[in-house]
Amino acid sequence: MSRKIAIILLVIIVLGLIAAILVYTYETKVKTGTMLGNHTVLILAADPSETRPGPGAVDMAFVVVVKNGTIANMTPIYPGALTHPNESAPTDIASMSGDDKLYLHDTLWWSDVNKDVKLAQETVEYNTNITTDSVVIVKPEAVDALINAIGPVYVPNQGYVNMTAIDFLREEQNNGNMTRGDAVESLAAAIKNASYSKAKRSKAFTAITDQYSKGNIIVIPPSLFYELLGDESLNWIF
């Protein structure tokens, strides 16, 4: 794994944009730390402010394709109109909306995260024909913790991030005429630029692992997160 890939990983994983690194084929890893294989990961930005038993409402999603350690493609997925092929919406949602279809927005409703993830993957595949290998769920608390750890964070043409990540993204959309996908990518790039120093990368790493332990970053299957942290190719950071 190159230094560039490792830096990007530790800086932006909380936003989920580079989370596909987690789904390398570890069985094919060679002693140098290089990991081989082509993988696709679904990243779900969850908003816990919409109260439910599960992680939260799906506010935005991305599909990231990794080919032999290189990010080959990233596709924004807007959850509003995507429905599951056969699963019905939770009773509470259906009774309020009058629609019993399960939308991607509500696939993280249940307390069984494995069920949630499966429904989200099936919904994306049904609507886009994209099959994903794994899922990373990111909550706003994790993004805010990373920004606080490595700040100040400056987004070109938008200014410094001096509010929560959710509020900043909404500001970009409302006043900057940006799509949600473009807003997320701009914030991710700014976080990367704010943490080039070794000290900042170390703070980012600490924030990421802390937020993972608190459940604000969820990786399915979870073993991939710990395998990544143990990879020898990341030792140079410390």
# chains A, B, ... in the order shown; residues from 1 in each chain; ligands from 1
>>> select_by_dssp(residues="region 72-218 of chain A", states="strand (DSSP E)", output="ChimeraX atom specification")
/A:72-77,83-88,101-103,134-138,154-155,159-160,217-218
>>> write_last_selection(atoms="N, CA, C and O atoms", output="short mmCIF file (atom, residue, chain, number, x, y, z; two decimals), in the first residue's frame")
data_model
loop_
_atom_site.label_atom_id
_atom_site.label_comp_id
_atom_site.auth_asym_id
_atom_site.auth_seq_id
_atom_site.Cartn_x
_atom_site.Cartn_y
_atom_site.Cartn_z
N ALA A 72 -10.84 3.26 -8.23
CA ALA A 72 -11.14 3.31 -9.65
C ALA A 72 -12.38 4.13 -9.96
O ALA A 72 -12.47 4.76 -11.02
N ASN A 73 -13.33 4.15 -9.04
CA ASN A 73 -14.58 4.84 -9.33
C ASN A 73 -15.36 5.08 -8.04
O ASN A 73 -15.29 4.29 -7.11
N MET A 74 -16.08 6.20 -7.99
CA MET A 74 -16.95 6.49 -6.87
C MET A 74 -18.26 7.04 -7.42
O MET A 74 -18.26 8.01 -8.17
N THR A 75 -19.36 6.42 -7.05
CA THR A 75 -20.67 6.80 -7.57
C THR A 75 -21.57 7.27 -6.43
O THR A 75 -21.83 6.50 -5.50
N PRO A 76 -22.06 8.50 -6.47
CA PRO A 76 -23.02 8.94 -5.45
C PRO A 76 -24.36 8.27 -5.67
O PRO A 76 -24.81 8.10 -6.80
N ILE A 77 -25.00 7.87 -4.58
CA ILE A 77 -26.31 7.23 -4.63
C ILE A 77 -27.28 8.07 -3.79
O ILE A 77 -27.08 8.22 -2.59
N THR A 83 -36.25 1.97 -3.93
CA THR A 83 -37.05 1.09 -3.09
C THR A 83 -36.53 -0.34 -3.15
O THR A 83 -35.94 -0.78 -4.14
N HIS A 84 -36.76 -1.07 -2.06
CA HIS A 84 -36.39 -2.49 -2.00
C HIS A 84 -37.36 -3.30 -2.86
O HIS A 84 -38.55 -2.96 -2.95
N PRO A 85 -36.90 -4.38 -3.49
CA PRO A 85 -37.77 -5.13 -4.41
C PRO A 85 -38.96 -5.81 -3.75
O PRO A 85 -40.01 -5.98 -4.38
N ASN A 86 -38.84 -6.19 -2.46
CA ASN A 86 -39.97 -6.91 -1.85
C ASN A 86 -40.20 -6.64 -0.37
O ASN A 86 -41.24 -6.98 0.16
N GLU A 87 -39.24 -6.04 0.31
CA GLU A 87 -39.40 -5.76 1.75
C GLU A 87 -40.33 -4.56 1.95
O GLU A 87 -40.24 -3.56 1.24
N SER A 88 -41.22 -4.67 2.93
CA SER A 88 -42.14 -3.57 3.24
C SER A 88 -41.52 -2.61 4.25
O SER A 88 -40.65 -2.99 5.05
N LYS A 101 -43.84 0.93 0.80
CA LYS A 101 -42.57 0.55 0.17
C LYS A 101 -41.40 0.91 1.09
O LYS A 101 -41.43 1.94 1.77
N LEU A 102 -40.39 0.05 1.10
CA LEU A 102 -39.19 0.33 1.88
C LEU A 102 -38.18 1.06 0.99
O LEU A 102 -37.69 0.52 0.01
N TYR A 103 -37.87 2.30 1.36
CA TYR A 103 -36.91 3.11 0.62
C TYR A 103 -35.52 2.96 1.23
O TYR A 103 -35.38 2.65 2.42
N SER A 134 -19.21 -5.12 0.82
CA SER A 134 -19.31 -4.80 2.24
C SER A 134 -19.90 -3.40 2.39
O SER A 134 -20.15 -2.71 1.40
N VAL A 135 -20.11 -3.02 3.65
CA VAL A 135 -20.78 -1.75 3.93
C VAL A 135 -20.05 -1.01 5.06
O VAL A 135 -19.61 -1.63 6.03
N VAL A 136 -19.93 0.29 4.92
CA VAL A 136 -19.44 1.16 5.99
C VAL A 136 -20.52 2.18 6.28
O VAL A 136 -20.98 2.89 5.38
N ILE A 137 -20.97 2.24 7.53
CA ILE A 137 -21.96 3.22 7.97
C ILE A 137 -21.23 4.30 8.77
O ILE A 137 -20.45 4.00 9.68
N VAL A 138 -21.46 5.55 8.41
CA VAL A 138 -20.79 6.67 9.07
C VAL A 138 -21.84 7.62 9.64
O VAL A 138 -22.75 8.06 8.92
N TYR A 154 -10.44 23.93 6.05
CA TYR A 154 -10.88 24.98 5.13
C TYR A 154 -11.37 24.38 3.83
O TYR A 154 -10.66 23.58 3.21
N VAL A 155 -12.56 24.76 3.42
CA VAL A 155 -13.12 24.31 2.15
C VAL A 155 -13.06 25.47 1.17
O VAL A 155 -13.65 26.54 1.42
N GLY A 159 -15.15 28.49 2.95
CA GLY A 159 -14.64 28.97 4.22
C GLY A 159 -14.29 27.85 5.18
O GLY A 159 -14.28 26.66 4.82
N TYR A 160 -13.99 28.23 6.44
CA TYR A 160 -13.63 27.25 7.47
C TYR A 160 -14.88 26.55 8.00
O TYR A 160 -15.95 27.15 8.08
N ILE A 217 -18.86 4.65 13.66
CA ILE A 217 -18.42 4.07 12.39
C ILE A 217 -18.70 2.58 12.50
O ILE A 217 -18.25 1.94 13.44
N ILE A 218 -19.45 2.05 11.57
CA ILE A 218 -19.80 0.63 11.58
C ILE A 218 -19.30 0.00 10.30
O ILE A 218 -19.59 0.50 9.20
#
>>> residues_around(residues="region 106-123 of chain A", least_positions_apart="2", cutoff="6 Å", atoms="only C-alpha atoms", output="ChimeraX atom specification")
/A:52-57,83-84,103-104,125-126
>>> select_by_dssp(residues="region 15-230 of chain A", states="alpha helix (DSSP H)", output="ChimeraX atom specification")
/A:91-97,113-128,140-150,165-176,180-193,198-213,223-229
>>> atom_distance(atom1="CA of Ile191 (chain A)", atom2="CA of Ile166 (chain A)")
14.5 Å
>>> closest_residue(among="A:Ala46, A:Thr131, A:Asp92, A:Glu172", to="His105 (chain A)", atoms="only C-alpha atoms")
A:Ala46
>>> closest_residue(among="A:Val143, A:Gly151, A:Asn177, A:Ile43", to="Ala165 (chain A)", atoms="only C-alpha atoms")
A:Val143
>>> atom_distance(atom1="CA of Ser202 (chain A)", atom2="CA of Val63 (chain A)")
27.1 Å
>>> residues_around(residues="Tyr212 (chain A)", least_positions_apart="4", cutoff="10 Å", atoms="only C-alpha atoms", output="number ranges by chain")
A: 14, 138, 142, 206-208, 216-219, 225
>>> write_last_selection(atoms="N, CA and C atoms", output="CSV table (one decimal), in the first residue's frame")
chain,number,residue,atom,x,y,z
A,14,VAL,N,-13.7,8.3,7.7
A,14,VAL,CA,-14.9,8.7,8.5
A,14,VAL,C,-16.0,9.2,7.6
A,138,VAL,N,-21.5,5.5,8.4
A,138,VAL,CA,-20.8,6.7,9.1
A,138,VAL,C,-21.8,7.6,9.6
A,142,ALA,N,-19.0,11.1,14.0
A,142,ALA,CA,-17.7,10.6,13.6
A,142,ALA,C,-17.0,11.7,12.8
A,206,THR,N,-6.4,8.4,15.8
A,206,THR,CA,-7.0,8.2,17.1
A,206,THR,C,-8.5,8.5,17.1
A,207,ALA,N,-8.8,9.6,16.4
A,207,ALA,CA,-10.3,9.9,16.3
A,207,ALA,C,-11.1,8.8,15.6
A,208,ILE,N,-10.5,8.3,14.6
A,208,ILE,CA,-11.2,7.2,13.8
A,208,ILE,C,-11.4,6.0,14.7
A,216,ASN,N,-19.9,4.9,16.1
A,216,ASN,CA,-20.3,5.9,15.1
A,216,ASN,C,-19.7,5.7,13.7
A,217,ILE,N,-18.9,4.7,13.7
A,217,ILE,CA,-18.4,4.1,12.4
A,217,ILE,C,-18.7,2.6,12.5
A,218,ILE,N,-19.5,2.0,11.6
A,218,ILE,CA,-19.8,0.6,11.6
A,218,ILE,C,-19.3,0.0,10.3
A,219,VAL,N,-18.5,-1.1,10.4
A,219,VAL,CA,-18.0,-1.8,9.3
A,219,VAL,C,-18.5,-3.2,9.2
A,225,PHE,N,-12.1,-4.0,9.6
A,225,PHE,CA,-11.6,-2.8,10.3
A,225,PHE,C,-10.3,-3.2,11.1
>>> decode(residues="region 99-126 of chain A", atoms="N, CA, C and O atoms", output="tab-separated table (two decimals), in the first residue's frame")
chain	number	residue	atom	x	y	z
A	99	ASP	N	-47.31	4.97	2.53
A	99	ASP	CA	-46.62	4.20	1.50
A	99	ASP	C	-45.91	3.04	2.19
A	99	ASP	O	-45.10	3.26	3.09
A	100	ASP	N	-46.23	1.81	1.78
A	100	ASP	CA	-45.63	0.66	2.46
A	100	ASP	C	-44.34	0.18	1.78
A	100	ASP	O	-43.78	-0.84	2.16
A	101	LYS	N	-43.84	0.93	0.80
A	101	LYS	CA	-42.57	0.55	0.17
A	101	LYS	C	-41.40	0.91	1.09
A	101	LYS	O	-41.43	1.94	1.77
A	102	LEU	N	-40.39	0.05	1.10
A	102	LEU	CA	-39.19	0.33	1.88
A	102	LEU	C	-38.18	1.06	0.99
A	102	LEU	O	-37.69	0.52	0.01
A	103	TYR	N	-37.87	2.30	1.36
A	103	TYR	CA	-36.91	3.11	0.62
A	103	TYR	C	-35.52	2.96	1.23
A	103	TYR	O	-35.38	2.65	2.42
A	104	LEU	N	-34.50	3.18	0.42
A	104	LEU	CA	-33.12	3.11	0.92
A	104	LEU	C	-32.94	4.02	2.14
A	104	LEU	O	-32.23	3.67	3.08
A	105	HIS	N	-33.62	5.14	2.13
A	105	HIS	CA	-33.56	6.09	3.25
A	105	HIS	C	-33.87	5.42	4.58
A	105	HIS	O	-33.33	5.82	5.63
A	106	ASP	N	-34.71	4.38	4.57
A	106	ASP	CA	-35.17	3.75	5.82
A	106	ASP	C	-34.64	2.34	6.04
A	106	ASP	O	-35.10	1.64	6.94
A	107	THR	N	-33.66	1.91	5.25
A	107	THR	CA	-33.17	0.54	5.39
A	107	THR	C	-32.39	0.30	6.68
A	107	THR	O	-32.22	-0.85	7.10
A	108	LEU	N	-31.92	1.36	7.33
A	108	LEU	CA	-31.20	1.20	8.60
A	108	LEU	C	-32.14	1.37	9.79
A	108	LEU	O	-31.73	1.80	10.87
A	109	TRP	N	-33.38	1.02	9.60
A	109	TRP	CA	-34.39	1.21	10.64
A	109	TRP	C	-34.22	0.25	11.81
A	109	TRP	O	-34.35	0.62	12.98
A	110	TRP	N	-33.92	-1.02	11.56
A	110	TRP	CA	-33.96	-2.07	12.57
A	110	TRP	C	-32.72	-2.10	13.44
A	110	TRP	O	-31.64	-1.65	13.05
A	111	SER	N	-32.86	-2.64	14.65
A	111	SER	CA	-31.72	-2.74	15.57
A	111	SER	C	-30.73	-3.81	15.14
A	111	SER	O	-29.60	-3.83	15.60
A	112	ASP	N	-31.15	-4.71	14.27
A	112	ASP	CA	-30.26	-5.74	13.72
A	112	ASP	C	-29.50	-5.13	12.54
A	112	ASP	O	-30.01	-5.03	11.43
A	113	VAL	N	-28.26	-4.70	12.80
A	113	VAL	CA	-27.51	-3.98	11.78
A	113	VAL	C	-27.20	-4.87	10.58
A	113	VAL	O	-27.17	-4.40	9.44
A	114	ASN	N	-26.98	-6.15	10.82
A	114	ASN	CA	-26.72	-7.05	9.70
A	114	ASN	C	-27.92	-7.11	8.75
A	114	ASN	O	-27.77	-7.15	7.53
A	115	LYS	N	-29.12	-7.10	9.33
A	115	LYS	CA	-30.34	-7.06	8.51
A	115	LYS	C	-30.41	-5.74	7.75
A	115	LYS	O	-30.71	-5.72	6.53
A	116	ASP	N	-30.14	-4.64	8.44
A	116	ASP	CA	-30.17	-3.32	7.81
A	116	ASP	C	-29.25	-3.27	6.60
A	116	ASP	O	-29.63	-2.81	5.52
A	117	VAL	N	-28.02	-3.73	6.81
A	117	VAL	CA	-27.01	-3.68	5.76
A	117	VAL	C	-27.43	-4.52	4.55
A	117	VAL	O	-27.27	-4.10	3.40
A	118	LYS	N	-27.96	-5.69	4.83
A	118	LYS	CA	-28.41	-6.56	3.74
A	118	LYS	C	-29.51	-5.89	2.92
A	118	LYS	O	-29.50	-5.91	1.68
A	119	LEU	N	-30.46	-5.26	3.61
A	119	LEU	CA	-31.54	-4.57	2.92
A	119	LEU	C	-31.01	-3.40	2.09
A	119	LEU	O	-31.48	-3.15	0.97
A	120	ALA	N	-30.05	-2.67	2.64
A	120	ALA	CA	-29.47	-1.54	1.90
A	120	ALA	C	-28.76	-2.02	0.65
A	120	ALA	O	-28.91	-1.44	-0.45
A	121	GLN	N	-27.96	-3.10	0.78
A	121	GLN	CA	-27.25	-3.63	-0.38
A	121	GLN	C	-28.23	-4.13	-1.44
A	121	GLN	O	-28.03	-3.90	-2.64
A	122	GLU	N	-29.27	-4.82	-1.00
A	122	GLU	CA	-30.26	-5.33	-1.95
A	122	GLU	C	-30.99	-4.20	-2.66
A	122	GLU	O	-31.29	-4.29	-3.86
A	123	THR	N	-31.27	-3.13	-1.94
A	123	THR	CA	-31.95	-1.99	-2.53
A	123	THR	C	-31.09	-1.32	-3.60
A	123	THR	O	-31.57	-0.99	-4.70
A	124	VAL	N	-29.82	-1.12	-3.27
A	124	VAL	CA	-28.90	-0.51	-4.24
A	124	VAL	C	-28.73	-1.40	-5.46
A	124	VAL	O	-28.77	-0.93	-6.60
A	125	GLU	N	-28.56	-2.70	-5.23
A	125	GLU	CA	-28.38	-3.61	-6.36
A	125	GLU	C	-29.62	-3.65	-7.25
A	125	GLU	O	-29.51	-3.65	-8.49
A	126	TYR	N	-30.79	-3.67	-6.65
A	126	TYR	CA	-32.04	-3.74	-7.40
A	126	TYR	C	-32.22	-2.51	-8.31
A	126	TYR	O	-32.71	-2.61	-9.44
